[in-house]
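Written out below as structure tokens is the structure these notes cover.
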Amino acid sequence: MTSSPRRHSMNYNWIWGPLNPLLDKTAKLSLQIHDANPDRLGDLLQQWLATLTHDEGGWFRGGWAVDVVAHERGSAELLFSSGGQDVADSLQDGVDSFHDQVLAPLALDPLTPGTVSWTELPLR
């Protein structure tokens with residue numbers, strides 16, 4: 001499932017395990033975040049998305065993509081995805097980028113704690 005509530009560590013057994021022997025499936029990782037400071041979350045999320053490429057298919061960079069499934073004041077649900085031979089590295093790049101630019105700055109203020117949960121979805 002998850003290793004750390006704020007910083008996701010790649011579960012290689014999920015990605016490279018027996019359910020994906022040919023590395024031809026897509027891995028999707030869901031993130032749910034709720035922050036006590038809703039303006040900060042929205043601002044940081046928009047700043048991070050602005051660093052990505054966007055087309056009619058969504059937001060992406062390199063070998064990974066992210067869909068903003070829901071975004072309300074103070075909460076968001078994101079769906080990170082990647083596939084192919086570099087699925088683990090590219091997916092980790094996406095979640096590290098999000099952590100460094102959104103989650104880490106949010107965690108700097110201990111007076112406004114929030115919740116973060118990562119969920120590995122079935123490979124498809």
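Every chain in the structure tokens has a letter given in the order shown (A, B, ...), and although residue numbers restart at 1 in each chain, ligands are simply numbered from 1 in the order shown.
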(request) Tell me, as a count of residues only, which residues lie within 6 Å of segment 68-84 of chain A, counting only C-alpha atoms; anything in the same chain fewer than 6 positions away does not count. (result) 15
(message) Run DSSP on the backbone and tell me which residues of segment 2-83 of chain A come out as helix (DSSP H, G or I); list them as a PyMOL selection string.
(response) chain A and resi 12-16+38-49
(message) Using only C-alpha atoms, can you tell me which of A:Asn11, A:Ser117, A:Thr51, A:Gln92 comes closest to Trp64 of chain A?
(response)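 With only C-alpha atoms as the atom set, the closest residue is A:Gln92.
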(message) Counting only C-alpha atoms, which residue out of A:Gly63, A:Pro105, A:Gly17, A:Gly114 sits closest to Asp89 of chain A?
(response)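 Among A:Gly63, A:Pro105, A:Gly17, A:Gly114, it is A:Gly63 that comes nearest to Asp89 of chain A.
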